[in-house]
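Just below is one structure, and these are the notes that go with it.
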Amino acid sequence: MIANSHDLLDRATLIHQQTDLAAYQDTGGTIMKHGEGVYVFDEAGNKYLEAMAGLWCASLGFSEKRLAEVAYKQMLELPYYHTFFAKSHVPSVELADRLLAIAPKGMSKVMFQCSGSEANDAAIKIIWYYNNALGRPQKKKIIGRVRGYHGNTVASVSVSGQPHMHADFDAPLAMFKHTDNPHYYRFHEDGETEEAFSTRMADNLEKLILAEGPDTVAAFFAEPVQGGGGAITPPAGYFEKIQAVLKKYDVLFLADEVICGFGRTGNMWGSETYDLRPDLVSCAKALSASYQPISALMISDKIYEAMVSESKKLGTFGHGFTYGGHPVACAVASETLKIYEERDIIGHVRKVGPLLQQGLKDLEAHPLVGNARGVGLIAGVELMADKAKRIPFAPELKAGIQVMEECHKVGLIVRAIGDRIAFTPPLVISAGEIDELLAKFRKGLDAALPRLM
Ligand code: PLP
């Protein structure tokens with residue numbers, strides 16, 4: 001890496017997120033300068049195909065002018081306003097209406113925040129508020145899943161099941177519990193079918209609820225496809241069995257659609273793809289194509305009604321962020337949703353998604369690849385030391401990072417989650433660009449191979 005003035009300044013000044021801070025001081029990173037379609041360019045002029053759409057989010061790629069123009073126009077008209085104290089503004093009202101029109105079944109109200117973490121954090125507060133309103137002050141525990149990812153606030157990191165985000169941050173808080181990671185390929189027993197594995201997952205969830213006491217368990221959080229856990233699609237029958245357990249014990253279900261929402265899985269929502277019937281839905285990222293920081297929490301009528309009665313009792317609903325539902329972010333999000341509709345983005349994902357999935361599946365013939373699995377335009381590729389025996393690489397080999405770094409050298413940005421390589425390209429990626437992605441990934445695998453086997 002060439003150290004230029006921005007790189008040195010960066011190392012001297014910025015605290016990087018989700019980064020090995022000690023190593024970063026020595027190696028520095030890559031400073032991106034501009035974007036064009038599905039590509040980003042660094043300061044030295046190197047071009048990268050962004051197969052992660054940044055952080056699973058830049059759904060329309062990196063140069064959608066309409067979004068910039070809408071933001072500019074809104075900044076001239078009303079650059080800031082809020083929704084506190086019975087005030088509102090046109091962009092938030094229009095976005096609420098547009099979003100609820102396409103929302104998962106049963107969602108009737110929406111609250112805007114600035115990030116996925118905040119939407120999930122607000123959801124946790126609302127779930128507690130709801131159970132207080134219903135006179136069930138003991139029903140407060142929240143269950144997440146091992147390797148689940150729901151954000152980085154104190155509460156959203158607690159429901160997340162990412163060990164590296166808990167370590168030394170004194171997380172998770174005590175009222176957050178975790179059930180199994182439904183990663184079939186890695187954790188099924190020899191001969192166990194997907195359905196049988198899903199039954200085992202649901203049984204373990206039930207055992208956890210019974211051990212904690214059903215009267216103390218308020219909600220379960222899950223991503224339709226587990227993103228930060230490694231782009232893990234649910235095994236057959238999983239959500240059907242899980243939802244039956246939740247219903248049995250009157251446990252609310254939050255579907256975290258922060259990655260899956262807006263077409264990623266080939267339907268508007270991951271909830272549609274996997275037949276989820278959530279009580280709450282959080283979304284962010286592709287809501288604004290990530291051109292502005294905005295998230296939404298949608299809830300069902302039964303929760304809203306309880307909020308209204310509790311707010312009446314207390315005199316207010318005492319929650320809010322200065323920038324929640326910022327007019328510029330709302331205007332950009334509305335324009336994003338219009339673009340999805342006009343360009344039939346879901347139809348496009350259904351057309352090109354199978355090319356990505358088949359291309360990755362074909363790479364199961366590569367010596368490093370144990371399994372490739374995904375849906376729509378999200379996929380995970382599991383690297384394995386011994387495929388026949390399903391033996392992973394020794395962690396100290398950092399096989400995933402080695403492959404990711406080789407991909408970077410050939411101009412492809414992917415993400416290594418342990419030894420799983422994740423793909424979530426911009427939803428606008430073309431068939432030709434998918435071919436390029438696959439060819440570059442193969443090159444990255446080939447380059448890492450001699451050091452790993
Ligand atoms: N939920 C999911 C499923 C995510 O993948 C993420 C971030 O990647 C979040 C929540 C947190 O969103 P944010 O980073 O906008 O706070």
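Order determines the names: the first chain of the structure tokens is A, the second B, and so forth; residues in each chain are numbered 1 upward, and ligands are numbered 1 upward as they are shown.
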Hey, which residues come within 6 Å of ligand 1 if we count only C-alpha atoms and all ligand atoms? Could you give them as a list in words?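 Residues lying within 6 Å of ligand 1: Ser115, Gly116, Ser117, Tyr149, His150, Gly151, Glu223, Gly227, Gly228, Asp256, Val258 and Ile259 of chain A.
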Let's have the selection written as an mmCIF file, in the first residue's frame, with C-alpha atoms.
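Now in selection.cif:
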data_model
loop_
_atom_site.group_PDB
_atom_site.id
_atom_site.type_symbol
_atom_site.label_atom_id
_atom_site.label_comp_id
_atom_site.auth_asym_id
_atom_site.auth_seq_id
_atom_site.Cartn_x
_atom_site.Cartn_y
_atom_site.Cartn_z
ATOM 1 C CA SER A 115 -29.412 3.878 11.861
ATOM 2 C CA GLY A 116 -30.290 0.211 12.063
ATOM 3 C CA SER A 117 -28.887 0.122 15.593
ATOM 4 C CA TYR A 149 -26.204 -8.816 14.201
ATOM 5 C CA HIS A 150 -28.588 -6.067 15.263
ATOM 6 C CA GLY A 151 -26.353 -3.085 15.886
ATOM 7 C CA GLU A 223 -32.665 -11.415 10.540
ATOM 8 C CA GLY A 227 -25.913 -11.009 7.503
ATOM 9 C CA GLY A 228 -23.086 -10.193 9.919
ATOM 10 C CA ASP A 256 -34.571 -7.293 11.378
ATOM 11 C CA VAL A 258 -31.857 -3.963 7.832
ATOM 12 C CA ILE A 259 -30.017 -6.009 5.183
#
As a VMD selection string, which residues of segment 276-423 of chain A does DSSP assign to strand (DSSP E or B)? chain A and resid 280 to 283 295 to 300 369 to 375 378 to 383 386 391 412 to 413 415 to 417 420 to 423
Please dump the current selection as a PDB file, in the first residue's frame; keep C-alpha atoms.
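again-v2.pdb written:
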ATOM      1  CA  LEU A 280     -42.164  -5.389  14.546  1.00  0.00           C
ATOM      2  CA  VAL A 281     -39.895  -4.788  11.546  1.00  0.00           C
ATOM      3  CA  SER A 282     -36.708  -2.734  11.464  1.00  0.00           C
ATOM      4  CA  CYS A 283     -35.093  -1.573   8.230  1.00  0.00           C
ATOM      5  CA  SER A 295     -33.791   3.742   9.461  1.00  0.00           C
ATOM      6  CA  ALA A 296     -37.389   2.838  10.155  1.00  0.00           C
ATOM      7  CA  LEU A 297     -39.117   0.818  12.815  1.00  0.00           C
ATOM      8  CA  MET A 298     -42.523  -0.445  11.790  1.00  0.00           C
ATOM      9  CA  ILE A 299     -44.976  -1.879  14.285  1.00  0.00           C
ATOM     10  CA  SER A 300     -48.369  -3.535  14.334  1.00  0.00           C
ATOM     11  CA  VAL A 369     -14.696 -23.892  -1.061  1.00  0.00           C
ATOM     12  CA  GLY A 370     -16.795 -26.182   1.098  1.00  0.00           C
ATOM     13  CA  ASN A 371     -20.205 -24.699   0.494  1.00  0.00           C
ATOM     14  CA  ALA A 372     -21.890 -21.787  -1.267  1.00  0.00           C
ATOM     15  CA  ARG A 373     -25.393 -20.762  -0.369  1.00  0.00           C
ATOM     16  CA  GLY A 374     -27.571 -17.701  -0.761  1.00  0.00           C
ATOM     17  CA  VAL A 375     -30.769 -16.186  -2.073  1.00  0.00           C
ATOM     18  CA  ILE A 378     -26.936 -12.211  -0.886  1.00  0.00           C
ATOM     19  CA  ALA A 379     -24.636 -15.190  -0.530  1.00  0.00           C
ATOM     20  CA  GLY A 380     -21.976 -16.735   1.683  1.00  0.00           C
ATOM     21  CA  VAL A 381     -19.107 -18.996   0.637  1.00  0.00           C
ATOM     22  CA  GLU A 382     -17.613 -21.222   3.319  1.00  0.00           C
ATOM     23  CA  LEU A 383     -13.899 -21.983   3.079  1.00  0.00           C
ATOM     24  CA  ASP A 386     -11.268 -30.594   4.457  1.00  0.00           C
ATOM     25  CA  ILE A 391     -13.171 -29.654   8.897  1.00  0.00           C
ATOM     26  CA  LEU A 412     -12.798  -6.999  -5.767  1.00  0.00           C
ATOM     27  CA  ILE A 413     -14.164  -5.985  -2.379  1.00  0.00           C
ATOM     28  CA  ARG A 415     -16.063  -9.407   3.303  1.00  0.00           C
ATOM     29  CA  ALA A 416     -14.543 -12.218   5.347  1.00  0.00           C
ATOM     30  CA  ILE A 417     -16.652 -13.221   8.320  1.00  0.00           C
ATOM     31  CA  ARG A 420     -17.033 -17.266   5.263  1.00  0.00           C
ATOM     32  CA  ILE A 421     -16.856 -14.858   2.364  1.00  0.00           C
ATOM     33  CA  ALA A 422     -19.969 -12.715   2.035  1.00  0.00           C
ATOM     34  CA  PHE A 423     -21.407 -11.152  -1.105  1.00  0.00           C
TER      35      PHE A 423
END
So that I can check the surroundings of segment 60-62 of chain A, please list as a PyMOL selection string every protein, DNA and RNA residue that reaches within 9 Å of it, counting only C-alpha atoms and ignoring chain neighbours fewer than 5 positions away. chain A and resi 34-40+50+53+286+289-291+336+339-340+425-429
Who sits within 12 Å of Arg11 of chain A, only C-alpha atoms, same chain under 3 positions skipped, as an MDAnalysis selection string: chainID A and resid 3:8 14:16 21:31
Any idea what's packed within 9 Å of Gly411 of chain A, counting only C-alpha atoms, ignoring anything in its chain fewer than 4 positions away? Could you give it as a ChimeraX atom specification? /A:46-50,406-407,440
Residues within 12 Å of Phe197 of chain A, only C-alpha atoms, excluding chain neighbours under 4 positions, as a ChimeraX atom specification: /A:180-193,201-204,234-239,241-242
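For the choices A:His319, A:Arg277, A:Lys398, A:Lys207, the atom-to-atom distance to Asp121 of chain A is smallest for A:His319 when using only C-alpha atoms.
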Which residues are close to Tyr323 of chain A, i.e. within 10 Å by only C-alpha atoms, leaving aside same-chain residues fewer than 6 positions away? Reply as a PDB file with N, CA and C atoms, in the first residue's frame.
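Listed below is the output, selection.pdb:
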ATOM      1  N   TYR A  80     -33.740  21.310   7.797  1.00  0.00           N
ATOM      2  CA  TYR A  80     -33.895  20.558   9.046  1.00  0.00           C
ATOM      3  C   TYR A  80     -35.266  20.811   9.638  1.00  0.00           C
ATOM      4  N   TYR A  81     -35.876  19.776  10.093  1.00  0.00           N
ATOM      5  CA  TYR A  81     -36.968  19.894  11.064  1.00  0.00           C
ATOM      6  C   TYR A  81     -37.132  18.556  11.762  1.00  0.00           C
ATOM      7  N   HIS A  82     -38.010  18.503  12.725  1.00  0.00           N
ATOM      8  CA  HIS A  82     -38.111  17.313  13.581  1.00  0.00           C
ATOM      9  C   HIS A  82     -39.566  16.862  13.689  1.00  0.00           C
ATOM     10  N   THR A  83     -39.767  15.783  14.448  1.00  0.00           N
ATOM     11  CA  THR A  83     -41.146  15.310  14.670  1.00  0.00           C
ATOM     12  C   THR A  83     -41.466  15.241  16.164  1.00  0.00           C
ATOM     13  N   PHE A 112     -39.138   6.893  12.347  1.00  0.00           N
ATOM     14  CA  PHE A 112     -37.833   6.992  11.688  1.00  0.00           C
ATOM     15  C   PHE A 112     -36.734   7.313  12.691  1.00  0.00           C
ATOM     16  N   GLN A 113     -35.587   6.643  12.512  1.00  0.00           N
ATOM     17  CA  GLN A 113     -34.393   6.908  13.310  1.00  0.00           C
ATOM     18  C   GLN A 113     -33.244   7.090  12.316  1.00  0.00           C
ATOM     19  N   CYS A 114     -32.020   7.087  12.811  1.00  0.00           N
ATOM     20  CA  CYS A 114     -30.896   7.390  11.896  1.00  0.00           C
ATOM     21  C   CYS A 114     -30.101   6.163  11.474  1.00  0.00           C
ATOM     22  N   PRO A 293     -28.264   8.737   6.130  1.00  0.00           N
ATOM     23  CA  PRO A 293     -28.466   7.828   7.259  1.00  0.00           C
ATOM     24  C   PRO A 293     -29.911   7.883   7.758  1.00  0.00           C
ATOM     25  N   ILE A 294     -30.631   6.821   7.528  1.00  0.00           N
ATOM     26  CA  ILE A 294     -32.022   6.761   8.002  1.00  0.00           C
ATOM     27  C   ILE A 294     -32.425   5.306   8.194  1.00  0.00           C
ATOM     28  N   ALA A 329     -32.955  13.187   4.712  1.00  0.00           N
ATOM     29  CA  ALA A 329     -32.888  11.715   4.644  1.00  0.00           C
ATOM     30  C   ALA A 329     -34.229  11.145   4.182  1.00  0.00           C
TER      31      ALA A 329
END
Residue nearest Ile346 of chain A among A:Thr19, A:Gln243, A:Ser108, A:Thr265 (counting only C-alpha atoms): A:Thr265
Could you pull out the alpha helix (DSSP H) residues of segment 93-313 of chain A from DSSP and send them as JSON, numbers by chain? {"A": [93, 94, 95, 96, 97, 98, 99, 100, 101, 102, 116, 117, 118, 119, 120, 121, 122, 123, 124, 125, 126, 127, 128, 129, 130, 131, 132, 133, 154, 155, 156, 157, 158, 159, 163, 164, 165, 166, 184, 185, 186, 187, 194, 195, 196, 197, 198, 199, 200, 201, 202, 203, 204, 205, 206, 207, 208, 209, 210, 211, 212, 238, 239, 240, 241, 242, 243, 244, 245, 246, 247, 248, 270, 271, 272, 273, 301, 302, 303, 304, 305, 306, 307, 308, 309, 310, 311, 312, 313]}
Choose the residue, out of A:Gly400, A:Gly229, A:Pro367, A:Pro327, that has the smallest atom-to-atom separation from Leu449 of chain A; count only C-alpha atoms.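 Closest to Leu449 of chain A of all the choices is A:Pro367.
Proximity of A:Leu276, A:Ile434, A:Val332, A:Leu314 to Lys65 of chain A, computed with only C-alpha atoms, is greatest for A:Val332.
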